[in-house]
file upload.cif (mmCIF, C-alpha atoms and all ligand atoms)
data_input
loop_
_atom_site.label_atom_id
_atom_site.label_comp_id
_atom_site.auth_asym_id
_atom_site.auth_seq_id
_atom_site.Cartn_x
_atom_site.Cartn_y
_atom_site.Cartn_z
CA MET A 1 -11.38 -19.40 3.65
CA ASP A 2 -14.73 -20.91 4.69
CA THR A 3 -17.71 -18.80 3.72
CA ARG A 4 -20.63 -18.81 6.16
CA VAL A 5 -24.12 -17.77 5.13
CA LEU A 6 -26.01 -15.98 7.92
CA PRO A 7 -29.43 -14.31 7.93
CA ALA A 8 -29.29 -10.56 7.29
CA SER A 9 -31.05 -9.86 10.55
CA THR A 10 -29.77 -7.34 13.05
CA GLU A 11 -28.92 -9.92 15.74
CA TYR A 12 -26.08 -11.11 13.46
CA VAL A 13 -24.53 -7.67 12.95
CA GLN A 14 -21.72 -8.38 15.43
CA GLU A 15 -20.54 -11.30 13.26
CA ALA A 16 -19.23 -8.70 10.80
CA ALA A 17 -16.91 -7.23 13.45
CA LYS A 18 -14.86 -10.45 13.53
CA GLU A 19 -14.42 -10.29 9.77
CA PHE A 20 -13.36 -6.64 9.81
CA LEU A 21 -10.80 -7.46 12.54
CA ARG A 22 -9.05 -9.75 10.06
CA ASP A 23 -9.37 -7.17 7.26
CA THR A 24 -12.06 -9.11 5.39
CA PRO A 25 -15.07 -7.32 3.85
CA VAL A 26 -18.55 -8.87 4.22
CA VAL A 27 -21.36 -9.43 1.73
CA VAL A 28 -24.56 -7.56 2.62
CA PRO A 29 -27.90 -7.02 0.93
CA THR A 30 -29.05 -3.52 0.00
CA GLU A 31 -32.27 -2.47 -1.73
CA THR A 32 -30.43 -2.26 -5.10
CA VAL A 33 -27.94 -5.16 -5.34
CA TYR A 34 -25.75 -7.04 -2.84
CA GLY A 35 -22.61 -5.16 -1.75
CA LEU A 36 -19.12 -6.18 -0.59
CA ALA A 37 -18.68 -3.88 2.38
CA ALA A 38 -15.88 -2.64 4.64
CA PRO A 39 -15.61 0.36 7.00
CA ILE A 40 -13.83 3.25 5.25
CA THR A 41 -11.55 3.53 8.31
CA ASN A 42 -10.34 -0.07 7.82
CA VAL A 43 -7.90 0.48 4.95
CA GLY A 44 -6.83 -3.18 4.92
CA ALA A 45 -10.38 -4.44 4.49
CA VAL A 46 -11.10 -1.78 1.85
CA LYS A 47 -7.97 -2.82 -0.08
CA ASN A 48 -9.17 -6.41 0.09
CA ILE A 49 -12.42 -5.42 -1.63
CA TYR A 50 -10.28 -4.68 -4.70
CA VAL A 51 -8.26 -7.87 -4.34
CA ILE A 52 -11.32 -10.10 -3.91
CA LYS A 53 -13.27 -8.57 -6.82
CA GLY A 54 -10.27 -8.12 -9.11
CA ARG A 55 -11.39 -4.50 -9.40
CA PRO A 56 -9.20 -1.91 -11.16
CA GLN A 57 -7.48 0.30 -8.54
CA ASP A 58 -8.52 3.58 -10.13
CA ASN A 59 -12.25 2.91 -9.76
CA PRO A 60 -13.35 4.47 -6.44
CA LEU A 61 -15.99 2.89 -4.19
CA ILE A 62 -19.37 4.26 -3.11
CA VAL A 63 -19.60 5.16 0.59
CA HIS A 64 -22.78 4.08 2.39
CA ILE A 65 -23.96 6.24 5.29
CA ALA A 66 -26.82 6.17 7.78
CA SER A 67 -27.06 9.82 8.91
CA TYR A 68 -26.71 13.41 7.73
CA GLU A 69 -23.95 13.88 10.35
CA GLN A 70 -21.90 11.34 8.42
CA LEU A 71 -22.64 13.21 5.18
CA ASN A 72 -21.38 16.45 6.70
CA VAL A 73 -18.15 14.84 7.87
CA LEU A 74 -17.40 13.45 4.39
CA ALA A 75 -18.82 16.02 1.96
CA THR A 76 -18.61 19.76 1.44
CA GLN A 77 -19.91 22.51 -0.89
CA LEU A 78 -23.24 20.82 -1.59
CA PRO A 79 -25.41 22.90 -3.93
CA GLY A 80 -28.59 24.44 -2.48
CA TYR A 81 -30.86 21.99 -4.31
CA ALA A 82 -29.13 18.99 -2.68
CA LYS A 83 -31.47 19.32 0.29
CA TYR A 84 -34.54 18.70 -1.88
CA LEU A 85 -32.84 15.81 -3.63
CA LEU A 86 -31.90 14.05 -0.40
CA ASP A 87 -35.28 14.77 1.22
CA ALA A 88 -36.95 13.12 -1.75
CA PHE A 89 -34.71 10.12 -2.37
CA TRP A 90 -32.77 9.22 0.79
CA PRO A 91 -32.66 6.66 2.15
CA GLY A 92 -32.82 4.98 -1.24
CA PRO A 93 -31.13 4.13 -4.55
CA LEU A 94 -29.52 7.52 -5.27
CA THR A 95 -25.75 8.09 -5.02
CA ILE A 96 -24.45 11.66 -5.12
CA VAL A 97 -20.94 12.61 -6.24
CA VAL A 98 -19.78 15.64 -4.24
CA LYS A 99 -16.60 17.40 -3.11
CA ALA A 100 -14.87 15.43 -0.36
CA THR A 101 -13.71 17.12 2.83
CA ARG A 102 -10.51 15.08 2.79
CA ASP A 103 -8.74 12.32 0.86
CA ILE A 104 -9.69 8.78 1.84
CA GLU A 105 -7.76 5.97 0.21
CA HIS A 106 -9.78 4.07 -2.48
CA VAL A 107 -12.86 6.14 -1.66
CA THR A 108 -12.19 9.63 -3.00
CA SER A 109 -11.45 10.18 -6.69
CA GLN A 110 -8.40 11.87 -8.20
CA GLU A 111 -10.57 14.97 -8.60
CA GLY A 112 -11.23 15.04 -4.86
CA THR A 113 -14.85 13.93 -5.11
CA ILE A 114 -16.66 11.22 -3.19
CA ALA A 115 -19.71 9.11 -4.12
CA ILE A 116 -22.16 8.75 -1.20
CA ARG A 117 -25.49 7.09 -0.69
CA MET A 118 -27.82 6.37 2.23
CA PRO A 119 -29.20 2.89 1.54
CA ALA A 120 -32.71 1.80 2.53
CA HIS A 121 -32.12 -1.60 4.10
CA PRO A 122 -32.26 -2.18 7.86
CA PHE A 123 -29.33 -4.60 7.92
CA ILE A 124 -26.74 -2.37 6.24
CA THR A 125 -28.04 0.56 8.29
CA ALA A 126 -27.37 -1.42 11.48
CA LEU A 127 -23.91 -2.32 10.18
CA ILE A 128 -23.17 1.36 9.47
CA ASN A 129 -24.41 2.32 12.93
CA ALA A 130 -21.95 -0.19 14.42
CA HIS A 131 -18.90 0.54 12.21
CA GLY A 132 -19.37 3.95 10.62
CA PRO A 133 -19.60 4.61 6.85
CA LEU A 134 -19.01 1.55 4.66
CA ALA A 135 -17.36 1.41 1.25
CA ALA A 136 -19.26 -1.11 -0.85
CA PRO A 137 -19.23 -1.98 -4.54
CA SER A 138 -21.51 -4.69 -5.90
CA ALA A 139 -20.60 -8.15 -4.52
CA ASN A 140 -19.65 -9.76 -7.83
CA LEU A 141 -16.31 -10.52 -9.48
CA SER A 142 -15.30 -7.49 -11.50
CA GLY A 143 -16.91 -7.56 -14.95
CA LYS A 144 -19.68 -10.03 -14.04
CA PRO A 145 -23.41 -9.27 -13.66
CA SER A 146 -24.25 -7.76 -10.26
CA PRO A 147 -25.73 -10.08 -7.60
CA THR A 148 -29.38 -9.80 -6.61
CA THR A 149 -29.52 -12.91 -4.37
CA ALA A 150 -27.13 -14.45 -1.82
CA GLU A 151 -26.71 -17.41 -4.22
CA HIS A 152 -25.33 -15.05 -6.90
CA CYS A 153 -22.80 -13.71 -4.36
CA LEU A 154 -21.72 -17.24 -3.44
CA ALA A 155 -21.35 -18.20 -7.08
CA ASP A 156 -18.67 -15.49 -7.43
CA LEU A 157 -17.19 -15.14 -3.94
CA ASN A 158 -17.48 -18.51 -2.15
CA GLY A 159 -14.14 -19.11 -0.40
CA LEU A 160 -13.06 -15.49 -0.92
CA VAL A 161 -15.14 -13.92 1.89
CA GLY A 162 -15.92 -15.02 5.45
CA VAL A 163 -19.63 -14.16 5.60
CA VAL A 164 -22.51 -13.66 3.21
CA PHE A 165 -25.50 -12.08 4.94
CA ASP A 166 -28.56 -13.44 3.17
CA GLY A 167 -31.48 -11.04 2.87
CA GLY A 168 -33.25 -12.86 0.05
CA GLU A 169 -33.92 -11.28 -3.33
CA VAL A 170 -33.23 -7.53 -3.44
CA MET A 171 -35.97 -4.97 -4.06
CA HIS A 172 -34.73 -3.12 -7.18
CA GLY A 173 -32.18 -5.31 -8.98
CA VAL A 174 -30.02 -2.60 -10.60
CA GLU A 175 -27.44 -0.40 -8.88
CA SER A 176 -28.19 3.08 -7.59
CA THR A 177 -28.43 6.09 -9.88
CA VAL A 178 -25.10 7.96 -9.67
CA LEU A 179 -25.66 11.72 -9.88
CA ASP A 180 -22.72 14.12 -9.98
CA ILE A 181 -23.63 17.35 -8.20
CA SER A 182 -20.03 18.48 -7.67
CA GLU A 183 -20.18 20.86 -10.63
CA GLU A 184 -22.51 23.61 -11.86
CA GLN A 185 -24.77 21.32 -13.85
CA PRO A 186 -26.00 18.04 -12.32
CA THR A 187 -25.08 14.99 -14.42
CA ILE A 188 -26.29 11.40 -14.22
CA LEU A 189 -23.18 9.22 -14.50
CA ARG A 190 -25.06 5.93 -14.12
CA PRO A 191 -28.82 5.57 -14.67
CA GLY A 192 -30.88 3.68 -12.07
CA VAL A 193 -34.41 3.41 -10.71
CA ILE A 194 -34.33 7.08 -9.67
CA THR A 195 -34.81 8.47 -13.16
CA GLN A 196 -33.83 11.74 -14.86
CA ASP A 197 -37.48 12.90 -14.79
CA MET A 198 -37.80 12.17 -11.08
CA ILE A 199 -34.60 14.14 -10.37
CA GLU A 200 -35.54 17.12 -12.57
CA ASP A 201 -38.99 17.25 -10.96
CA VAL A 202 -37.39 17.67 -7.55
CA ILE A 203 -34.46 19.98 -8.32
CA LYS A 204 -36.38 22.14 -10.82
CA ARG A 205 -33.48 22.36 -13.25
CA PRO A 206 -32.19 20.34 -16.20
CA CYS A 207 -30.00 17.37 -15.49
CA ARG A 208 -27.59 15.95 -18.08
CA VAL A 209 -27.16 12.24 -18.71
CA ARG A 210 -23.71 10.98 -19.57
CA SER A 211 -23.95 7.26 -20.19
CA GLU A 212 -20.37 6.63 -21.38
CA SER A 213 -18.98 9.14 -18.95
CA LYS A 214 -15.27 9.78 -18.67
CA LYS A 215 -16.03 11.13 -15.22
CA SER A 216 -17.28 7.87 -13.78
CA PRO A 217 -14.07 5.87 -13.65
CA GLY A 218 -16.04 2.62 -13.65
CA SER A 219 -17.53 3.16 -17.09
CA ARG A 220 -14.22 2.44 -18.85
CA TYR A 221 -14.19 -1.22 -17.86
CA ALA A 222 -16.09 -4.32 -18.98
CA HIS A 223 -19.26 -4.72 -16.95
CA TYR A 224 -22.18 -7.05 -16.40
CA GLN A 225 -20.88 -9.63 -18.86
CA PRO A 226 -21.89 -13.28 -18.63
CA GLU A 227 -19.89 -15.95 -20.50
CA ALA A 228 -22.76 -16.26 -22.97
CA ARG A 229 -22.91 -13.83 -25.87
CA VAL A 230 -25.66 -11.22 -25.35
CA ILE A 231 -27.65 -9.90 -28.31
CA ILE A 232 -30.23 -7.11 -28.04
CA SER A 233 -32.96 -7.41 -30.66
CA ASP A 234 -36.19 -5.59 -31.54
CA GLU A 235 -37.85 -8.88 -32.46
CA PRO A 236 -36.05 -11.75 -30.73
CA GLU A 237 -38.87 -14.17 -31.54
CA THR A 238 -38.03 -14.05 -35.27
CA GLU A 239 -34.22 -14.20 -34.92
CA ASP A 240 -32.60 -17.07 -36.78
CA VAL A 241 -30.77 -18.96 -34.03
CA GLN A 242 -28.71 -21.22 -36.32
CA GLY A 243 -25.02 -21.17 -35.46
CA LEU A 244 -25.62 -19.47 -32.10
CA GLY A 245 -25.39 -22.69 -30.06
CA ARG A 246 -27.86 -23.12 -27.20
CA VAL A 247 -30.02 -20.01 -27.16
CA LEU A 248 -32.02 -18.37 -24.38
CA ILE A 249 -34.59 -15.86 -25.63
CA ILE A 250 -36.14 -13.23 -23.36
CA SER A 251 -39.02 -11.65 -25.23
CA LYS A 252 -42.71 -10.73 -25.08
CA ASN A 253 -43.70 -13.16 -27.82
CA THR A 254 -42.89 -16.86 -28.10
CA PRO A 255 -39.92 -17.54 -30.42
CA ILE A 256 -40.61 -19.33 -33.71
CA TYR A 257 -37.27 -21.22 -33.81
CA PRO A 258 -36.30 -23.81 -31.17
CA SER A 259 -34.81 -22.18 -28.08
CA THR A 260 -35.60 -21.66 -24.40
CA HIS A 261 -37.99 -18.79 -23.75
CA ILE A 262 -38.34 -16.50 -20.75
CA PRO A 263 -41.38 -14.21 -21.09
CA LEU A 264 -40.40 -10.54 -20.77
CA PRO A 265 -42.46 -8.90 -17.98
CA GLU A 266 -44.67 -5.93 -18.88
CA GLU A 267 -43.40 -3.62 -16.14
CA GLN A 268 -39.97 -2.01 -16.50
CA ALA A 269 -39.40 -2.38 -12.74
CA ASP A 270 -39.93 -6.16 -13.03
CA ILE A 271 -37.44 -6.34 -15.90
CA ALA A 272 -34.88 -4.37 -13.84
CA LYS A 273 -35.38 -6.71 -10.91
CA HIS A 274 -34.56 -9.83 -12.93
CA ILE A 275 -32.11 -8.68 -15.58
CA TYR A 276 -28.92 -9.80 -13.80
CA ALA A 277 -30.51 -13.07 -12.66
CA TRP A 278 -31.32 -13.94 -16.30
CA LEU A 279 -27.75 -13.26 -17.41
CA ARG A 280 -26.43 -15.46 -14.61
CA GLN A 281 -29.00 -18.17 -15.35
CA ALA A 282 -27.73 -18.29 -18.93
CA ASP A 283 -24.24 -19.20 -17.68
CA ASN A 284 -25.43 -21.62 -14.99
CA GLU A 285 -27.48 -23.54 -17.51
CA GLY A 286 -24.79 -23.49 -20.18
CA TYR A 287 -26.38 -21.30 -22.85
CA ASP A 288 -24.09 -19.92 -25.56
CA THR A 289 -26.28 -16.99 -26.52
CA VAL A 290 -28.90 -14.80 -24.86
CA ILE A 291 -31.19 -12.80 -27.13
CA ILE A 292 -33.12 -10.17 -25.24
CA GLN A 293 -35.77 -7.78 -26.47
CA THR A 294 -34.97 -4.06 -26.73
CA ILE A 295 -36.95 -2.20 -24.09
CA THR A 296 -38.03 1.43 -24.13
CA ASP A 297 -35.08 3.60 -23.20
CA THR A 298 -37.03 5.86 -20.83
CA GLY A 299 -37.60 5.78 -17.07
CA ILE A 300 -36.16 2.67 -15.46
CA GLY A 301 -35.78 1.28 -18.99
CA ALA A 302 -32.79 3.62 -19.42
CA ALA A 303 -31.03 1.85 -16.54
CA VAL A 304 -31.80 -1.61 -17.93
CA MET A 305 -30.69 -0.68 -21.48
CA ASP A 306 -27.47 0.86 -20.10
CA ARG A 307 -26.61 -2.47 -18.42
CA LEU A 308 -27.67 -4.55 -21.43
CA ARG A 309 -25.56 -2.53 -23.88
CA ARG A 310 -22.52 -3.16 -21.71
CA ALA A 311 -23.40 -6.83 -21.31
CA ALA A 312 -23.62 -7.09 -25.11
CA LYS A 313 -20.28 -5.34 -25.69
CA HIS A 314 -17.99 -8.37 -25.93
CA SER A 315 -14.39 -7.62 -26.76
O1 LIG B 401 -26.50 0.34 -5.73
C1 LIG B 401 -25.30 0.55 -5.63
O2 LIG B 401 -24.79 1.66 -5.86
C2 LIG B 401 -24.38 -0.62 -5.21
C3 LIG B 401 -24.80 -1.07 -3.83
C4 LIG B 401 -23.90 -2.14 -3.27
O3 LIG B 401 -24.90 0.03 -2.98
N1 LIG B 401 -23.00 -0.24 -5.27
C5 LIG B 401 -22.34 -0.11 -6.44
O4 LIG B 401 -21.02 0.25 -6.30
O5 LIG B 401 -22.84 -0.26 -7.52
P1 LIG B 401 -19.95 0.10 -7.47
O6 LIG B 401 -18.63 0.36 -6.80
O7 LIG B 401 -20.09 -1.19 -8.17
O8 LIG B 401 -20.24 1.30 -8.40
C6 LIG B 401 -19.74 2.57 -8.11
C7 LIG B 401 -19.85 3.46 -9.32
C8 LIG B 401 -18.73 3.17 -10.29
O9 LIG B 401 -19.21 3.32 -11.62
C9 LIG B 401 -17.72 4.24 -9.94
O10 LIG B 401 -16.89 4.55 -11.02
C10 LIG B 401 -18.62 5.40 -9.56
O11 LIG B 401 -19.70 4.82 -8.89
N2 LIG B 401 -17.94 6.32 -8.64
C11 LIG B 401 -17.49 6.09 -7.39
N3 LIG B 401 -16.89 7.19 -6.88
C12 LIG B 401 -16.97 8.15 -7.83
C13 LIG B 401 -16.53 9.51 -7.91
N4 LIG B 401 -15.91 10.11 -6.90
N5 LIG B 401 -16.78 10.18 -9.05
C14 LIG B 401 -17.43 9.58 -10.07
N6 LIG B 401 -17.87 8.31 -10.06
C15 LIG B 401 -17.64 7.60 -8.96
MG MG B 402 -20.51 -3.01 -9.83
#
call {"tool": "encode", "arguments": {"input": "upload.cif", "output": "structure tokens"}}
result
Amino acid sequence: MDTRVLPASTEYVQEAAKEFLRDTPVVVPTETVYGLAAPITNVGAVKNIYVIKGRPQDNPLIVHIASYEQLNVLATQLPGYAKYLLDAFWPGPLTIVVKATRDIEHVTSQEGTIAIRMPAHPFITALINAHGPLAAPSANLSGKPSPTTAEHCLADLNGLVGVVFDGGEVMHGVESTVLDISEEQPTILRPGVITQDMIEDVIKRPCRVRSESKKSPGSRYAHYQPEARVIISDEPETEDVQGLGRVLIISKNTPIYPSTHIPLPEEQADIAKHIYAWLRQADNEGYDTVIIQTITDTGIGAAVMDRLRRAAKHS
């Protein structure tokens, strides 16, 4: 299939309708990462999300909505504090896992829960307004680093999708925080730029963090892995690179052994924004090894370290 790249501007929204008619999902920017999106009512297109990505069938998709009416149709039994949470963080990079009102194929989990978020990007909002709630995982091949530019999406999905809507580089660079509020105690299943502190501040109660959660079906599988080997190091600049092939080092200080160096930004948010692009760059430019500096595991750093640990976990 030919893949067209169109601007992610609202006058092109109707181009998606043609793709959905032939059961093909479309690539769209969000504020977190690019998504591969299909209306939840179009079961054929939703199934094709799994086929195109090579995604395991038992890993449900996040549903993207544009209104509280849509939330009420899909979700039930929200705890009282949900109102404060959504007031504070929607639209934005927070996904809530809640009880679903009904079973929707590939969207609700075996436990009868559903993951929902209201994204903050005018293009996907327009697409939701035209087609209803959209199921959308990140627009990468399963297991690869998530895409933060249209070029990353094309690198994985060229020829597999009909349209990539190009909205330039995304704002955040890591996927939304996934927060399970379907049970008594709220639990972060996937850290993101909405941090544990930010959530606890708003809901006025403790929130657990489960990084290797059994409850988030996605956490069982390989994730975010480039071809290059990824090593996390406290002092990358002093690592002996012999025997590691061509090495890319991402660190505050300049490495003492010969290698290519990318300076690590000071701000955690800037690291989050570029982390996946660096991993992809390593593969594009043929590096064998990426050595990246450990960053503080608090705030947004928790989200970055979560992704890096998985990227470094080569089987
Ligand atoms: O920022 C994001 O969330 C991006 C953009 C495109 O919106 N989407 C995204 O979707 O990252 P995906 O499918 O790659 O990640 C969904 C995560 C997976 O870890 C999945 O296991 C978990 O959410 N998930 C989905 N439904 C769930 C449910 N009912 N219960 C627990 N975890 C769920
Ligand atoms: Mg993903």
call {"tool": "closest_residue", "arguments": {"input": "upload.cif", "among": "A:Glu183, A:Glu19, A:Asp103, A:Glu175", "to": "ligand MG 402 (chain B)", "atoms": "all atoms listed in the file"}}
result
A:Glu175
call {"tool": "residues_near_ligand", "arguments": {"input": "upload.cif", "ligand": "ligand MG 402 (chain B)", "cutoff": "9 Å", "atoms": "all atoms listed in the file", "output": "PyMOL selection string"}}
result
chain A and resi 33+35+137-146+175+218+223-224
call {"tool": "residues_around", "arguments": {"input": "upload.cif", "residues": "Leu189 (chain A)", "least_positions_apart": "4", "cutoff": "6 Å", "atoms": "all atoms listed in the file", "output": "list in words"}}
result
Val178, Leu179 and Arg210 of chain A
call {"tool": "atom_distance", "arguments": {"input": "upload.cif", "atom1": "CA of Val209 (chain A)", "atom2": "CA of Leu134 (chain A)"}}
result
27.0 Å
call {"tool": "residues_near_ligand", "arguments": {"input": "upload.cif", "ligand": "ligand LIG 401 (chain B)", "cutoff": "8 Å", "atoms": "only C-alpha atoms and all ligand atoms", "output": "VMD selection string"}}
result
chain A and resid 29 to 37 59 to 62 64 93 to 95 97 to 98 107 to 117 119 136 to 139 174 to 178 180 189 to 190 215 to 219
call {"tool": "write_last_selection", "arguments": {"input": "upload.cif", "atoms": "C-alpha atoms", "output": "PDB file, keeping the file's coordinate frame"}}
result
ATOM      1  CA  PRO A  29     -27.900  -7.020   0.930  1.00  0.00           C
ATOM      2  CA  THR A  30     -29.050  -3.520   0.000  1.00  0.00           C
ATOM      3  CA  GLU A  31     -32.270  -2.470  -1.730  1.00  0.00           C
ATOM      4  CA  THR A  32     -30.430  -2.260  -5.100  1.00  0.00           C
ATOM      5  CA  VAL A  33     -27.940  -5.160  -5.340  1.00  0.00           C
ATOM      6  CA  TYR A  34     -25.750  -7.040  -2.840  1.00  0.00           C
ATOM      7  CA  GLY A  35     -22.610  -5.160  -1.750  1.00  0.00           C
ATOM      8  CA  LEU A  36     -19.120  -6.180  -0.590  1.00  0.00           C
ATOM      9  CA  ALA A  37     -18.680  -3.880   2.380  1.00  0.00           C
ATOM     10  CA  ASN A  59     -12.250   2.910  -9.760  1.00  0.00           C
ATOM     11  CA  PRO A  60     -13.350   4.470  -6.440  1.00  0.00           C
ATOM     12  CA  LEU A  61     -15.990   2.890  -4.190  1.00  0.00           C
ATOM     13  CA  ILE A  62     -19.370   4.260  -3.110  1.00  0.00           C
ATOM     14  CA  HIS A  64     -22.780   4.080   2.390  1.00  0.00           C
ATOM     15  CA  PRO A  93     -31.130   4.130  -4.550  1.00  0.00           C
ATOM     16  CA  LEU A  94     -29.520   7.520  -5.270  1.00  0.00           C
ATOM     17  CA  THR A  95     -25.750   8.090  -5.020  1.00  0.00           C
ATOM     18  CA  VAL A  97     -20.940  12.610  -6.240  1.00  0.00           C
ATOM     19  CA  VAL A  98     -19.780  15.640  -4.240  1.00  0.00           C
ATOM     20  CA  VAL A 107     -12.860   6.140  -1.660  1.00  0.00           C
ATOM     21  CA  THR A 108     -12.190   9.630  -3.000  1.00  0.00           C
ATOM     22  CA  SER A 109     -11.450  10.180  -6.690  1.00  0.00           C
ATOM     23  CA  GLN A 110      -8.400  11.870  -8.200  1.00  0.00           C
ATOM     24  CA  GLU A 111     -10.570  14.970  -8.600  1.00  0.00           C
ATOM     25  CA  GLY A 112     -11.230  15.040  -4.860  1.00  0.00           C
ATOM     26  CA  THR A 113     -14.850  13.930  -5.110  1.00  0.00           C
ATOM     27  CA  ILE A 114     -16.660  11.220  -3.190  1.00  0.00           C
ATOM     28  CA  ALA A 115     -19.710   9.110  -4.120  1.00  0.00           C
ATOM     29  CA  ILE A 116     -22.160   8.750  -1.200  1.00  0.00           C
ATOM     30  CA  ARG A 117     -25.490   7.090  -0.690  1.00  0.00           C
ATOM     31  CA  PRO A 119     -29.200   2.890   1.540  1.00  0.00           C
ATOM     32  CA  ALA A 136     -19.260  -1.110  -0.850  1.00  0.00           C
ATOM     33  CA  PRO A 137     -19.230  -1.980  -4.540  1.00  0.00           C
ATOM     34  CA  SER A 138     -21.510  -4.690  -5.900  1.00  0.00           C
ATOM     35  CA  ALA A 139     -20.600  -8.150  -4.520  1.00  0.00           C
ATOM     36  CA  VAL A 174     -30.020  -2.600 -10.600  1.00  0.00           C
ATOM     37  CA  GLU A 175     -27.440  -0.400  -8.880  1.00  0.00           C
ATOM     38  CA  SER A 176     -28.190   3.080  -7.590  1.00  0.00           C
ATOM     39  CA  THR A 177     -28.430   6.090  -9.880  1.00  0.00           C
ATOM     40  CA  VAL A 178     -25.100   7.960  -9.670  1.00  0.00           C
ATOM     41  CA  ASP A 180     -22.720  14.120  -9.980  1.00  0.00           C
ATOM     42  CA  LEU A 189     -23.180   9.220 -14.500  1.00  0.00           C
ATOM     43  CA  ARG A 190     -25.060   5.930 -14.120  1.00  0.00           C
ATOM     44  CA  LYS A 215     -16.030  11.130 -15.220  1.00  0.00           C
ATOM     45  CA  SER A 216     -17.280   7.870 -13.780  1.00  0.00           C
ATOM     46  CA  PRO A 217     -14.070   5.870 -13.650  1.00  0.00           C
ATOM     47  CA  GLY A 218     -16.040   2.620 -13.650  1.00  0.00           C
ATOM     48  CA  SER A 219     -17.530   3.160 -17.090  1.00  0.00           C
TER      49      SER A 219
END
call {"tool": "residues_near_point", "arguments": {"input": "upload.cif", "point": "(-33.7, -18.4, -29.4)", "cutoff": "8 Å", "atoms": "all atoms listed in the file", "output": "MDAnalysis selection string"}}
result
chainID A and resid 236:237 239:241 246:249 255 257:261 290:291
call {"tool": "atom_distance", "arguments": {"input": "upload.cif", "atom1": "CA of Asn158 (chain A)", "atom2": "CA of Thr125 (chain A)"}}
result
24.2 Å
call {"tool": "closest_residue", "arguments": {"input": "upload.cif", "among": "A:Leu78, A:Glu11, A:Met118, A:Glu235", "to": "Thr254 (chain A)", "atoms": "all atoms listed in the file"}}
result
A:Glu235
call {"tool": "closest_atom_pairs", "arguments": {"input": "upload.cif", "of": "region 39-90 of chain A", "to": "region 198-206 of chain A", "cutoff": "12 Å", "atoms": "only C-alpha atoms", "output": "JSON lines"}}
result
{"residue": "A:Pro79", "atom": "CA", "partner": "A:Ile203", "partner_atom": "CA", "distance": 10.5}
{"residue": "A:Gly80", "atom": "CA", "partner": "A:Ile203", "partner_atom": "CA", "distance": 9.4}
{"residue": "A:Tyr81", "atom": "CA", "partner": "A:Ile203", "partner_atom": "CA", "distance": 5.8}
{"residue": "A:Ala82", "atom": "CA", "partner": "A:Ile203", "partner_atom": "CA", "distance": 7.8}
{"residue": "A:Lys83", "atom": "CA", "partner": "A:Ile203", "partner_atom": "CA", "distance": 9.1}
{"residue": "A:Tyr84", "atom": "CA", "partner": "A:Val202", "partner_atom": "CA", "distance": 6.4}
{"residue": "A:Leu85", "atom": "CA", "partner": "A:Val202", "partner_atom": "CA", "distance": 6.3}
{"residue": "A:Leu86", "atom": "CA", "partner": "A:Val202", "partner_atom": "CA", "distance": 9.7}
{"residue": "A:Asp87", "atom": "CA", "partner": "A:Val202", "partner_atom": "CA", "distance": 9.5}
{"residue": "A:Ala88", "atom": "CA", "partner": "A:Val202", "partner_atom": "CA", "distance": 7.4}
{"residue": "A:Phe89", "atom": "CA", "partner": "A:Ile199", "partner_atom": "CA", "distance": 9.0}
call {"tool": "write_last_selection", "arguments": {"input": "upload.cif", "atoms": "C-alpha atoms", "output": "short mmCIF file (atom, residue, chain, number, x, y, z; two decimals), in the coordinates of the input"}}
result
data_model
loop_
_atom_site.label_atom_id
_atom_site.label_comp_id
_atom_site.auth_asym_id
_atom_site.auth_seq_id
_atom_site.Cartn_x
_atom_site.Cartn_y
_atom_site.Cartn_z
CA PRO A 79 -25.41 22.90 -3.93
CA GLY A 80 -28.59 24.44 -2.48
CA TYR A 81 -30.86 21.99 -4.31
CA ALA A 82 -29.13 18.99 -2.68
CA LYS A 83 -31.47 19.32 0.29
CA TYR A 84 -34.54 18.70 -1.88
CA LEU A 85 -32.84 15.81 -3.63
CA LEU A 86 -31.90 14.05 -0.40
CA ASP A 87 -35.28 14.77 1.22
CA ALA A 88 -36.95 13.12 -1.75
CA PHE A 89 -34.71 10.12 -2.37
#
call {"tool": "closest_residue", "arguments": {"input": "upload.cif", "among": "A:His152, A:Lys99, A:Arg309, A:His106", "to": "Asn284 (chain A)", "atoms": "only C-alpha atoms"}}
result
A:His152
call {"tool": "residues_around", "arguments": {"input": "upload.cif", "residues": "Thr24 (chain A)", "least_positions_apart": "6", "cutoff": "12 Å", "atoms": "all atoms listed in the file", "output": "short mmCIF file (atom, residue, chain, number, x, y, z; two decimals) with C-alpha atoms, in the coordinates of the input"}}
result
data_model
loop_
_atom_site.label_atom_id
_atom_site.label_comp_id
_atom_site.auth_asym_id
_atom_site.auth_seq_id
_atom_site.Cartn_x
_atom_site.Cartn_y
_atom_site.Cartn_z
CA MET A 1 -11.38 -19.40 3.65
CA THR A 3 -17.71 -18.80 3.72
CA GLU A 15 -20.54 -11.30 13.26
CA ALA A 16 -19.23 -8.70 10.80
CA ALA A 17 -16.91 -7.23 13.45
CA LYS A 18 -14.86 -10.45 13.53
CA LEU A 36 -19.12 -6.18 -0.59
CA ALA A 37 -18.68 -3.88 2.38
CA ALA A 38 -15.88 -2.64 4.64
CA PRO A 39 -15.61 0.36 7.00
CA ASN A 42 -10.34 -0.07 7.82
CA VAL A 43 -7.90 0.48 4.95
CA GLY A 44 -6.83 -3.18 4.92
CA ALA A 45 -10.38 -4.44 4.49
CA VAL A 46 -11.10 -1.78 1.85
CA LYS A 47 -7.97 -2.82 -0.08
CA ASN A 48 -9.17 -6.41 0.09
CA ILE A 49 -12.42 -5.42 -1.63
CA TYR A 50 -10.28 -4.68 -4.70
CA VAL A 51 -8.26 -7.87 -4.34
CA ILE A 52 -11.32 -10.10 -3.91
CA GLY A 159 -14.14 -19.11 -0.40
CA LEU A 160 -13.06 -15.49 -0.92
CA VAL A 161 -15.14 -13.92 1.89
CA GLY A 162 -15.92 -15.02 5.45
CA VAL A 163 -19.63 -14.16 5.60
CA VAL A 164 -22.51 -13.66 3.21
#
